[in-house]
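What follows is input-v1.tsv (TSV, C-alpha atoms).
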chain	number	residue	atom	x	y	z
Y	118	MET	CA	165.58	62.44	202.32
Y	119	ALA	CA	166.75	58.90	203.02
Y	120	ILE	CA	168.74	58.22	206.16
Y	121	THR	CA	171.90	56.23	205.57
Y	122	HIS	CA	174.00	54.45	208.16
Y	123	ASP	CA	177.76	54.22	207.91
Y	124	LEU	CA	178.61	51.29	210.14
Y	125	THR	CA	182.04	50.69	208.65
Y	126	PHE	CA	184.98	50.55	211.04
Y	127	HIS	CA	188.44	51.24	209.69
Y	128	THR	CA	191.86	50.13	210.83
Y	129	ALA	CA	193.74	53.01	212.43
Y	130	PRO	CA	196.15	54.51	209.89
Y	131	GLY	CA	199.80	53.64	210.40
Y	132	THR	CA	199.11	50.89	212.92
Y	133	THR	CA	198.67	47.15	212.82
Y	134	ASP	CA	195.71	47.20	215.20
Y	135	GLY	CA	193.05	49.53	216.48
Y	136	ALA	CA	189.99	51.03	214.87
Y	137	VAL	CA	188.79	54.46	213.85
Y	138	MET	CA	185.26	55.57	214.71
Y	139	GLY	CA	184.09	58.65	212.89
Y	140	ARG	CA	185.87	59.73	209.76
Y	141	ASP	CA	186.20	63.41	210.64
Y	142	THR	CA	185.15	66.02	213.20
Y	143	THR	CA	181.64	66.25	211.73
Y	144	SER	CA	180.93	62.52	212.03
Y	145	LYS	CA	178.42	61.83	214.79
Y	146	ASP	CA	179.42	59.26	217.41
Y	147	ALA	CA	177.89	58.19	220.71
Y	148	PHE	CA	178.73	55.81	223.52
Y	149	PHE	CA	176.64	53.79	225.97
Y	150	GLY	CA	173.38	54.36	224.08
Y	151	GLY	CA	173.72	58.13	223.95
Y	152	VAL	CA	172.46	60.42	221.21
Y	153	PRO	CA	175.08	60.72	218.43
Y	154	ALA	CA	176.89	64.07	218.46
Y	155	ILE	CA	179.77	65.67	216.57
Y	156	GLN	CA	183.20	65.93	218.19
Y	157	PRO	CA	183.19	68.65	220.88
Y	158	THR	CA	185.79	71.41	220.54
Y	159	LEU	CA	187.56	73.03	223.49
Y	160	SER	CA	190.29	75.66	223.69
Y	161	LEU	CA	193.38	73.99	225.12
Y	162	GLY	CA	194.62	75.85	228.18
Y	163	SER	CA	191.46	77.88	228.75
Y	164	ALA	CA	188.77	75.20	229.05
Y	165	THR	CA	187.11	75.04	232.44
Y	166	THR	CA	186.36	71.83	234.29
Y	167	THR	CA	182.66	72.39	233.61
Y	168	GLN	CA	183.30	72.73	229.85
Y	169	ILE	CA	185.35	69.53	229.81
Y	170	VAL	CA	182.66	67.60	231.69
Y	171	GLN	CA	179.97	68.99	229.35
Y	172	ALA	CA	181.99	67.90	226.30
Y	173	LEU	CA	182.41	64.37	227.70
Y	174	ALA	CA	178.74	64.24	228.68
Y	175	SER	CA	177.68	65.28	225.14
Y	176	LEU	CA	179.20	61.99	223.93
Y	177	ASN	CA	177.72	60.11	226.91
Y	178	LEU	CA	181.23	59.25	228.17
Y	179	VAL	CA	180.40	60.56	231.64
Y	180	LYS	CA	177.05	60.79	233.38
Y	181	THR	CA	176.24	64.03	235.16
Y	182	THR	CA	173.90	64.46	238.11
Y	183	ALA	CA	172.20	67.56	239.38

Take the structure in the file and write it out as structure tokens.
Amino acid sequence: MAITHDLTFHTAPGTTDGAVMGRDTTSKDAFFGGVPAIQPTLSLGSATTTQIVQALASLNLVKTTA
């Protein structure tokens, strides 16, 4: 199976500026050289601090240390 790359950025809908990365919740995105991952999902109101940090770390938005 061929690997395709979708490197297209789109203007944010309903705005005159901004950009959209990832077209939906199954699009894989990464930051700061991290491994691309799908959008993490958390339950609003019941997510723990650890779960929030793990979700941010999965996108490489925060760096965790042991």

To one decimal place in Å, what is the distance between atom CA of Y:Ser160 and atom CA of Y:Thr182?
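The value is 24.5 Å.
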
I'd like the interatomic distance between atom CA of Y:Val170 and atom CA of Y:Pro157, to a tenth of an Å.
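Interatomic distance, atom CA of Y:Val170 to atom CA of Y:Pro157: 10.9 Å.
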
List as a PyMOL selection string the protein and nucleic acid residues near Y:Ala147, meaning an atom at most 7 Å away when only C-alpha atoms are counted, but skip any in the same chain fewer than 6 places from it.
chain Y and resi 153-154+176-177

Pull C-alpha atoms from the residues just selected and write them as a compact mmCIF listing (two decimals), in the coordinates of the input.
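The result, written out as again.txt:
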# COMPACT_ATOMS: atom_id res chain seq x y z
CA PRO Y 153 175.08 60.72 218.43
CA ALA Y 154 176.89 64.07 218.46
CA LEU Y 176 179.20 61.99 223.93
CA ASN Y 177 177.72 60.11 226.91

For Y:Gly150, which residue among Y:Leu178, Y:Met138, Y:Gln171, Y:Gly162 is the nearest when counting all atoms listed in the file?
Y:Leu178

Using all atoms listed in the file, which of Y:Ser175, Y:Thr143, Y:Gln168, Y:Thr181 sits nearest Y:Ile155?
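Closest residue, counting all atoms listed in the file: Y:Thr143.
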
Would you mind telling me which residue in Y:Ser163, Y:Lys180, Y:Gln156, Y:Gly151 lies nearest to Y:Gly139 when using all atoms listed in the file?
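Of all the options, Y:Gln156 lies closest to Y:Gly139.
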
Could you tell me how far atom CA of Y:Ile169 sits from atom CA of Y:Lys145, in Å to one decimal place?
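The value is 18.2 Å.
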